[in-house]
file protein-v9.cif (mmCIF, C-alpha atoms)
data_protein
loop_
_atom_site.label_atom_id
_atom_site.label_comp_id
_atom_site.auth_asym_id
_atom_site.auth_seq_id
_atom_site.Cartn_x
_atom_site.Cartn_y
_atom_site.Cartn_z
CA MET A 1 97.20 52.09 77.78
CA ASP A 2 96.12 50.05 80.78
CA ASN A 3 97.97 46.97 79.57
CA GLN A 4 101.36 48.67 79.30
CA PRO A 5 103.86 49.11 82.15
CA ASP A 6 105.22 52.50 83.11
CA ASN A 7 107.62 54.03 80.58
CA ASN A 8 110.01 55.12 83.33
CA ASP A 9 110.44 51.49 84.39
CA LEU A 10 111.14 50.45 80.80
CA ARG A 11 113.97 52.99 80.51
CA MET A 12 115.77 51.65 83.61
CA PRO A 13 118.63 49.28 82.65
CA LEU A 14 119.04 45.83 84.18
CA THR A 15 121.85 47.02 86.42
CA GLY A 16 119.52 49.69 87.79
CA HIS A 17 116.91 47.06 88.66
CA LEU A 18 119.54 44.88 90.34
CA GLU A 19 120.87 47.81 92.35
CA GLU A 20 117.36 48.77 93.44
CA LEU A 21 116.66 45.15 94.42
CA ARG A 22 119.90 45.03 96.42
CA GLN A 23 119.05 48.21 98.29
CA ARG A 24 115.55 47.01 99.14
CA VAL A 25 116.82 43.62 100.32
CA ILE A 26 119.41 45.34 102.53
CA THR A 27 116.72 47.63 103.95
CA SER A 28 114.48 44.65 104.70
CA LEU A 29 117.31 42.72 106.35
CA PHE A 30 118.23 45.74 108.44
CA ALA A 31 114.60 46.06 109.57
CA ILE A 32 114.56 42.37 110.59
CA ILE A 33 117.84 42.71 112.50
CA LEU A 34 116.67 45.89 114.23
CA GLY A 35 113.32 44.32 115.11
CA SER A 36 115.06 41.20 116.43
CA ALA A 37 117.47 43.28 118.54
CA ILE A 38 114.60 45.24 120.08
CA SER A 39 112.63 42.02 120.62
CA LEU A 40 115.65 40.48 122.37
CA ILE A 41 115.49 43.24 124.97
CA PHE A 42 111.88 42.33 125.78
CA VAL A 43 112.19 38.63 124.96
CA LYS A 44 111.26 37.41 128.44
CA ASN A 45 107.98 39.33 128.28
CA ILE A 46 107.31 37.91 124.80
CA ILE A 47 107.98 34.37 126.05
CA LYS A 48 105.58 34.90 128.94
CA ILE A 49 102.89 35.83 126.39
CA LEU A 50 103.67 32.69 124.40
CA GLU A 51 103.49 30.62 127.59
CA ALA A 52 100.00 31.92 128.39
CA PRO A 53 98.12 29.16 126.49
CA ALA A 54 99.91 26.53 128.62
CA LYS A 55 98.45 28.05 131.82
CA SER A 56 99.79 26.11 134.84
CA ILE A 57 102.29 23.92 132.97
CA HIS A 58 105.84 24.07 134.32
CA PHE A 59 108.68 24.44 131.81
CA LEU A 60 112.18 23.01 132.15
CA GLN A 61 115.57 23.85 130.69
CA LEU A 62 116.79 20.38 129.76
CA SER A 63 120.28 21.39 128.59
CA PRO A 64 122.72 24.26 129.23
CA GLY A 65 121.86 27.24 127.06
CA GLU A 66 118.47 25.89 125.97
CA PHE A 67 116.60 28.94 127.19
CA LEU A 68 119.22 31.25 125.65
CA PHE A 69 118.88 29.66 122.22
CA ALA A 70 115.10 29.62 122.56
CA SER A 71 115.18 33.33 123.42
CA ILE A 72 117.24 34.11 120.31
CA LYS A 73 114.80 32.13 118.19
CA VAL A 74 111.81 33.98 119.68
CA ALA A 75 113.52 37.33 119.09
CA GLY A 76 114.20 36.39 115.46
CA TYR A 77 110.60 35.39 114.77
CA SER A 78 109.33 38.50 116.55
CA GLY A 79 111.69 40.74 114.58
CA LEU A 80 110.56 39.19 111.31
CA THR A 81 106.90 39.72 112.22
CA ALA A 82 107.53 43.33 113.26
CA ALA A 83 109.42 44.03 110.01
CA LEU A 84 106.73 42.46 107.83
CA PRO A 85 104.95 45.77 106.95
CA LEU A 86 108.23 47.35 105.81
CA ILE A 87 109.17 44.23 103.82
CA LEU A 88 105.81 44.28 102.04
CA TYR A 89 106.26 47.98 101.34
CA GLN A 90 109.67 47.31 99.77
CA VAL A 91 108.20 44.50 97.65
CA LEU A 92 105.40 46.76 96.41
CA ARG A 93 107.75 49.63 95.56
CA PHE A 94 109.93 47.25 93.53
CA ILE A 95 107.25 45.43 91.50
CA LEU A 96 104.55 48.09 91.01
CA PRO A 97 106.35 50.19 88.33
CA GLY A 98 106.52 47.20 86.00
CA LEU A 99 102.85 46.23 86.29
CA THR A 100 99.89 47.29 84.22
CA LYS A 101 97.22 49.54 85.66
CA ARG A 102 94.84 46.62 86.22
CA GLU A 103 97.56 44.58 87.94
CA LYS A 104 98.44 47.53 90.19
CA GLN A 105 94.82 47.85 91.26
CA LEU A 106 94.86 44.16 92.22
CA ILE A 107 98.28 43.54 93.74
CA ALA A 108 98.37 46.33 96.33
CA PRO A 109 95.09 45.38 98.11
CA ALA A 110 96.06 41.70 97.84
CA VAL A 111 99.42 42.21 99.56
CA ILE A 112 97.91 44.39 102.28
CA GLY A 113 95.09 41.90 102.82
CA SER A 114 97.63 39.08 102.94
CA ALA A 115 99.55 40.82 105.73
CA VAL A 116 96.38 41.49 107.73
CA LEU A 117 95.18 37.91 107.34
CA PHE A 118 98.60 36.59 108.35
CA ILE A 119 98.49 38.58 111.60
CA ILE A 120 94.93 37.36 112.25
CA GLY A 121 96.05 33.81 111.47
CA ILE A 122 98.96 33.76 113.91
CA SER A 123 96.73 35.33 116.57
CA PHE A 124 94.15 32.60 115.93
CA GLY A 125 96.86 29.98 116.30
CA LEU A 126 98.15 31.44 119.57
CA TRP A 127 94.92 32.28 121.39
CA ILE A 128 92.45 29.69 120.03
CA LEU A 129 94.21 26.66 118.58
CA SER A 130 97.10 26.46 121.05
CA PRO A 131 94.92 26.42 124.22
CA ALA A 132 92.58 23.83 122.67
CA ALA A 133 95.47 21.58 121.61
CA LEU A 134 97.30 21.87 124.91
CA LYS A 135 94.16 21.22 126.94
CA PHE A 136 93.52 18.01 125.02
CA LEU A 137 97.13 16.83 125.19
CA VAL A 138 97.44 17.49 128.92
CA ALA A 139 94.11 15.88 129.77
CA TYR A 140 94.91 12.80 127.67
CA GLY A 141 97.85 11.72 129.85
CA ALA A 142 96.97 13.43 133.12
CA ASP A 143 96.42 10.14 134.95
CA VAL A 144 99.72 8.67 133.75
CA VAL A 145 102.35 11.40 133.42
CA GLU A 146 103.03 14.78 134.99
CA PRO A 147 103.32 17.59 132.39
CA LEU A 148 106.82 19.03 132.63
CA TRP A 149 107.81 20.39 129.23
CA SER A 150 110.97 21.57 127.53
CA ILE A 151 110.68 25.29 126.92
CA GLU A 152 112.35 25.06 123.50
CA ARG A 153 110.10 22.25 122.26
CA TYR A 154 107.03 24.05 123.55
CA LEU A 155 107.97 27.25 121.71
CA ASP A 156 108.64 25.25 118.53
CA PHE A 157 105.17 23.72 118.88
CA VAL A 158 103.50 27.13 119.30
CA PHE A 159 105.48 28.76 116.47
CA LEU A 160 104.66 25.93 114.06
CA LEU A 161 100.98 26.18 114.94
CA MET A 162 100.98 29.96 114.48
CA LEU A 163 102.81 29.71 111.15
CA SER A 164 100.39 27.04 109.91
CA CYS A 165 97.43 29.25 110.73
CA GLY A 166 99.07 32.30 109.16
CA LEU A 167 99.55 30.38 105.90
CA ALA A 168 96.06 28.84 105.98
CA PHE A 169 94.51 32.31 106.36
CA GLN A 170 95.95 33.32 102.96
CA LEU A 171 93.20 31.35 101.18
CA PRO A 172 90.82 34.31 100.58
CA VAL A 173 93.66 36.36 99.05
CA LEU A 174 94.47 33.54 96.63
CA GLN A 175 90.79 33.25 95.68
CA LEU A 176 90.56 37.03 95.20
CA ILE A 177 93.56 37.11 92.86
CA LEU A 178 92.38 34.14 90.78
CA GLY A 179 88.83 35.50 90.66
CA SER A 180 89.99 38.97 89.58
CA LEU A 181 91.96 37.40 86.75
CA GLY A 182 88.90 35.39 85.68
CA LEU A 183 90.56 32.02 86.35
CA ILE A 184 87.93 30.86 88.85
CA HIS A 185 84.25 31.71 89.38
CA SER A 186 82.21 31.95 92.55
CA LYS A 187 79.45 29.56 91.45
CA LYS A 188 82.00 26.94 90.44
CA MET A 189 83.79 27.24 93.77
CA LEU A 190 80.55 27.06 95.73
CA SER A 191 79.49 23.91 93.88
CA SER A 192 82.73 22.25 95.02
CA TRP A 193 82.01 22.71 98.74
CA ARG A 194 82.20 18.97 99.48
CA LEU A 195 85.71 18.79 98.08
CA VAL A 196 86.63 21.91 100.07
CA VAL A 197 85.42 20.39 103.34
CA MET A 198 87.45 17.24 102.72
CA SER A 199 90.50 19.29 101.73
CA SER A 200 90.10 21.46 104.84
CA ALA A 201 90.06 18.38 107.05
CA LEU A 202 93.19 17.07 105.32
CA ALA A 203 94.91 20.45 105.64
CA GLY A 204 93.99 20.58 109.32
CA ALA A 205 95.61 17.19 109.83
CA ILE A 206 98.77 18.16 107.95
CA LEU A 207 99.29 21.72 109.19
CA THR A 208 98.73 21.14 112.90
CA PRO A 209 101.81 19.90 114.77
CA SER A 210 99.64 17.98 117.23
CA THR A 211 97.45 15.10 116.13
CA ASP A 212 94.51 15.82 118.41
CA PRO A 213 91.09 15.94 116.72
CA ILE A 214 90.03 19.21 118.41
CA THR A 215 92.84 21.25 116.88
CA MET A 216 92.35 19.69 113.45
CA LEU A 217 88.60 20.34 113.63
CA LEU A 218 89.08 23.99 114.63
CA LEU A 219 91.57 24.64 111.84
CA ALA A 220 89.46 22.79 109.27
CA THR A 221 86.42 24.85 110.29
CA ALA A 222 88.43 28.07 110.01
CA ILE A 223 89.69 27.13 106.53
CA SER A 224 86.15 26.30 105.39
CA GLY A 225 84.92 29.64 106.71
CA LEU A 226 87.75 31.49 104.96
CA PHE A 227 86.87 29.69 101.74
CA LEU A 228 83.28 30.94 101.96
CA ILE A 229 84.55 34.46 102.61
CA GLY A 230 86.72 34.17 99.51
CA VAL A 231 83.74 32.97 97.47
CA GLY A 232 81.76 36.00 98.61
CA MET A 233 84.60 38.36 97.65
CA VAL A 234 84.87 36.80 94.18
CA ALA A 235 81.08 37.07 93.75
CA VAL A 236 81.24 40.79 94.58
CA ILE A 237 84.01 41.28 92.01
CA GLU A 238 82.01 39.42 89.36
CA LYS A 239 78.94 41.55 90.05
CA PHE A 240 81.01 44.72 89.88
CA LYS A 241 82.44 43.70 86.51
CA GLN A 242 78.94 43.02 85.16
CA GLU A 243 77.60 46.39 86.33
CA THR A 244 80.59 48.40 85.10
CA PRO A 245 80.23 49.26 81.40
CA PRO A 246 83.33 48.81 79.26
CA ILE A 247 85.30 51.94 78.44
CA VAL A 248 85.01 52.81 74.75
CA HIS A 249 87.86 54.93 73.48
CA PRO A 250 86.99 57.42 70.69
CA PRO A 251 88.48 56.56 67.32
CA SER A 252 91.67 58.40 66.59
CA ALA A 253 91.59 61.02 63.86
CA ALA A 254 92.91 59.91 60.51
CA LYS A 255 96.23 61.38 59.64
#
call {"tool": "encode", "arguments": {"input": "protein-v9.cif", "output": "structure tokens"}}
result
Amino acid sequence: MDNQPDNNDLRMPLTGHLEELRQRVITSLFAIILGSAISLIFVKNIIKILEAPAKSIHFLQLSPGEFLFASIKVAGYSGLTAALPLILYQVLRFILPGLTKREKQLIAPAVIGSAVLFIIGISFGLWILSPAALKFLVAYGADVVEPLWSIERYLDFVFLLMLSCGLAFQLPVLQLILGSLGLIHSKKMLSSWRLVVMSSALAGAILTPSTDPITMLLLATAISGLFLIGVGMVAVIEKFKQETPPIVHPPSAAK
């Protein structure tokens, strides 16, 4: 039956599940460590990429070892990002055997879509939001102060902005899951567009590390656009459900 988990998963004892979980966690941690070690070798090139949105700004090392600790932090974040596909694969392999057929059909595309949207989100934060925010912040005090920034604080600013965008870009996946389960409907979501616009503006103000209006406006616009994409995906699912006839199982023979 579609609503029953796999029988093989039901036969596995609790200790077997715990051992499998331990092995998958160890594999994921090893992938993060390996990715971080490789990233540390090329960390200076990665930092140069992260410095690109700042353009002609000069960075300073304000304390001994600041650049070293910043490099380790960059390598760690880069290793985690590089290991993300393997981590998601381990998560899927662990949870899929215990799900129903309908849940399996939903969870795998949702996790893959979540990873893709996260990568798009952090790219949006690095190449679109960061230059806009930095341009505003530099221009605001250009006639008063000279921009000389701490490299560690700058990288923290960029990472926080990228992470905020990566999380904000998960909205369509959440809508898709809730819509597939019948908990929300496209027409209801679309009728609440005013509330969504206000919520997007609030989210843009909270998620962005800078308080400039340009960055908040860009992120709020992106969230609103993602919401509309999610509404369209839910509408497609609803139409597919209406057009697909229910499966009628033949009555079992009387014993």
call {"tool": "closest_residue", "arguments": {"input": "protein-v9.cif", "among": "A:Leu29, A:Ala235, A:Leu84, A:Ile57", "to": "A:Leu148", "atoms": "only C-alpha atoms"}}
result
A:Ile57
call {"tool": "resolve_selection", "arguments": {"input": "protein-v9.cif", "expression": "the PyMOL selection byres ((chain A and resi 131-136) around 7)", "output": "PyMOL selection string"}}
result
chain A and resi 53-54+127-130+137-140+212+214-215
call {"tool": "atom_distance", "arguments": {"input": "protein-v9.cif", "atom1": "atom CA of A:Ser200", "atom2": "atom CA of A:Met216"}}
result
9.1 Å
call {"tool": "resolve_selection", "arguments": {"input": "protein-v9.cif", "expression": "the PyMOL selection byres ((chain A and resi 161) around 12)", "output": "MDAnalysis selection string"}}
result
chainID A and resid 50 121:134 154:160 162:168 204:211 215:216 219
call {"tool": "write_last_selection", "arguments": {"input": "protein-v9.cif", "atoms": "C-alpha atoms", "output": "PDB file, in the frame of the given file"}}
result
ATOM      1  CA  LEU A  50     103.670  32.690 124.400  1.00  0.00           C
ATOM      2  CA  GLY A 121      96.050  33.810 111.470  1.00  0.00           C
ATOM      3  CA  ILE A 122      98.960  33.760 113.910  1.00  0.00           C
ATOM      4  CA  SER A 123      96.730  35.330 116.570  1.00  0.00           C
ATOM      5  CA  PHE A 124      94.150  32.600 115.930  1.00  0.00           C
ATOM      6  CA  GLY A 125      96.860  29.980 116.300  1.00  0.00           C
ATOM      7  CA  LEU A 126      98.150  31.440 119.570  1.00  0.00           C
ATOM      8  CA  TRP A 127      94.920  32.280 121.390  1.00  0.00           C
ATOM      9  CA  ILE A 128      92.450  29.690 120.030  1.00  0.00           C
ATOM     10  CA  LEU A 129      94.210  26.660 118.580  1.00  0.00           C
ATOM     11  CA  SER A 130      97.100  26.460 121.050  1.00  0.00           C
ATOM     12  CA  PRO A 131      94.920  26.420 124.220  1.00  0.00           C
ATOM     13  CA  ALA A 132      92.580  23.830 122.670  1.00  0.00           C
ATOM     14  CA  ALA A 133      95.470  21.580 121.610  1.00  0.00           C
ATOM     15  CA  LEU A 134      97.300  21.870 124.910  1.00  0.00           C
ATOM     16  CA  TYR A 154     107.030  24.050 123.550  1.00  0.00           C
ATOM     17  CA  LEU A 155     107.970  27.250 121.710  1.00  0.00           C
ATOM     18  CA  ASP A 156     108.640  25.250 118.530  1.00  0.00           C
ATOM     19  CA  PHE A 157     105.170  23.720 118.880  1.00  0.00           C
ATOM     20  CA  VAL A 158     103.500  27.130 119.300  1.00  0.00           C
ATOM     21  CA  PHE A 159     105.480  28.760 116.470  1.00  0.00           C
ATOM     22  CA  LEU A 160     104.660  25.930 114.060  1.00  0.00           C
ATOM     23  CA  MET A 162     100.980  29.960 114.480  1.00  0.00           C
ATOM     24  CA  LEU A 163     102.810  29.710 111.150  1.00  0.00           C
ATOM     25  CA  SER A 164     100.390  27.040 109.910  1.00  0.00           C
ATOM     26  CA  CYS A 165      97.430  29.250 110.730  1.00  0.00           C
ATOM     27  CA  GLY A 166      99.070  32.300 109.160  1.00  0.00           C
ATOM     28  CA  LEU A 167      99.550  30.380 105.900  1.00  0.00           C
ATOM     29  CA  ALA A 168      96.060  28.840 105.980  1.00  0.00           C
ATOM     30  CA  GLY A 204      93.990  20.580 109.320  1.00  0.00           C
ATOM     31  CA  ALA A 205      95.610  17.190 109.830  1.00  0.00           C
ATOM     32  CA  ILE A 206      98.770  18.160 107.950  1.00  0.00           C
ATOM     33  CA  LEU A 207      99.290  21.720 109.190  1.00  0.00           C
ATOM     34  CA  THR A 208      98.730  21.140 112.900  1.00  0.00           C
ATOM     35  CA  PRO A 209     101.810  19.900 114.770  1.00  0.00           C
ATOM     36  CA  SER A 210      99.640  17.980 117.230  1.00  0.00           C
ATOM     37  CA  THR A 211      97.450  15.100 116.130  1.00  0.00           C
ATOM     38  CA  THR A 215      92.840  21.250 116.880  1.00  0.00           C
ATOM     39  CA  MET A 216      92.350  19.690 113.450  1.00  0.00           C
ATOM     40  CA  LEU A 219      91.570  24.640 111.840  1.00  0.00           C
TER      41      LEU A 219
END
call {"tool": "closest_residue", "arguments": {"input": "protein-v9.cif", "among": "A:Ile151, A:Gln242, A:Gly16, A:Gly179", "to": "A:Lys48", "atoms": "only C-alpha atoms"}}
result
A:Ile151
call {"tool": "atom_distance", "arguments": {"input": "protein-v9.cif", "atom1": "atom CA of A:Ile177", "atom2": "atom CA of A:Leu96"}}
result
15.6 Å
call {"tool": "resolve_selection", "arguments": {"input": "protein-v9.cif", "expression": "the PyMOL selection byres ((chain A and resi 24) around 9)", "output": "list in words"}}
result
Glu19, Glu20, Leu21, Arg22, Gln23, Val25, Ile26, Thr27, Ser28, Leu29, Ile87, Gln90, Val91, Arg93 and Phe94 of chain A
call {"tool": "residues_around", "arguments": {"input": "protein-v9.cif", "residues": "stretch 224-233 of chain A", "least_positions_apart": "5", "cutoff": "6 Å", "atoms": "only C-alpha atoms", "output": "VMD selection string"}}
result
chain A and resid 172 175 186
call {"tool": "residues_near_point", "arguments": {"input": "protein-v9.cif", "point": "(113.7, 39.5, 116.8)", "cutoff": "9 Å", "atoms": "only C-alpha atoms", "output": "list in words"}}
result
Ile32, Ile33, Leu34, Gly35, Ser36, Ala37, Ile38, Ser39, Leu40, Val43, Ile72, Lys73, Val74, Ala75, Gly76, Tyr77, Ser78, Gly79, Leu80, Thr81 and Ala82 of chain A
call {"tool": "atom_distance", "arguments": {"input": "protein-v9.cif", "atom1": "atom CA of A:Gly98", "atom2": "atom CA of A:Thr15"}}
result
15.3 Å
call {"tool": "closest_atom_pairs", "arguments": {"input": "protein-v9.cif", "of": "stretch 145-247 of chain A", "to": "stretch 99-110 of chain A", "cutoff": "8 Å", "atoms": "all atoms listed in the file", "output": "CSV"}}
result
residue,atom,partner,partner_atom,distance
A:Val173,CA,A:Ala110,CA,6.0
A:Leu176,CA,A:Ala110,CA,7.7
A:Ile177,CA,A:Leu106,CA,7.2
A:Ser180,CA,A:Leu106,CA,7.6
call {"tool": "residues_around", "arguments": {"input": "protein-v9.cif", "residues": "A:Lys187", "least_positions_apart": "2", "cutoff": "10 Å", "atoms": "all atoms listed in the file", "output": "ChimeraX atom specification"}}
result
/A:184-185,189-192,231-232,234-235
call {"tool": "axis_aligned_box", "arguments": {"input": "protein-v9.cif", "around": "stretch 130-140 of chain A", "padding_each_side": "3 Å", "output": "AutoDock Vina command-line options"}}
result
--center_x 95.0 --center_y 19.6 --center_z 125.4 --size_x 10.9 --size_y 19.7 --size_z 14.7
call {"tool": "closest_residue", "arguments": {"input": "protein-v9.cif", "among": "A:Arg153, A:Ala70, A:Ile47, A:Ala115", "to": "A:Tyr89", "atoms": "only C-alpha atoms"}}
result
A:Ala115
call {"tool": "closest_residue", "arguments": {"input": "protein-v9.cif", "among": "A:Ile223, A:Leu171, A:Leu60, A:Leu18", "to": "A:Gly113", "atoms": "all atoms listed in the file"}}
result
A:Leu171
call {"tool": "closest_residue", "arguments": {"input": "protein-v9.cif", "among": "A:Leu92, A:Ile46, A:Leu181, A:Leu62", "to": "A:Glu238", "atoms": "all atoms listed in the file"}}
result
A:Leu181
call {"tool": "closest_residue", "arguments": {"input": "protein-v9.cif", "among": "A:Ile119, A:Leu14, A:Val144, A:Leu178", "to": "A:Ile237", "atoms": "all atoms listed in the file"}}
result
A:Leu178
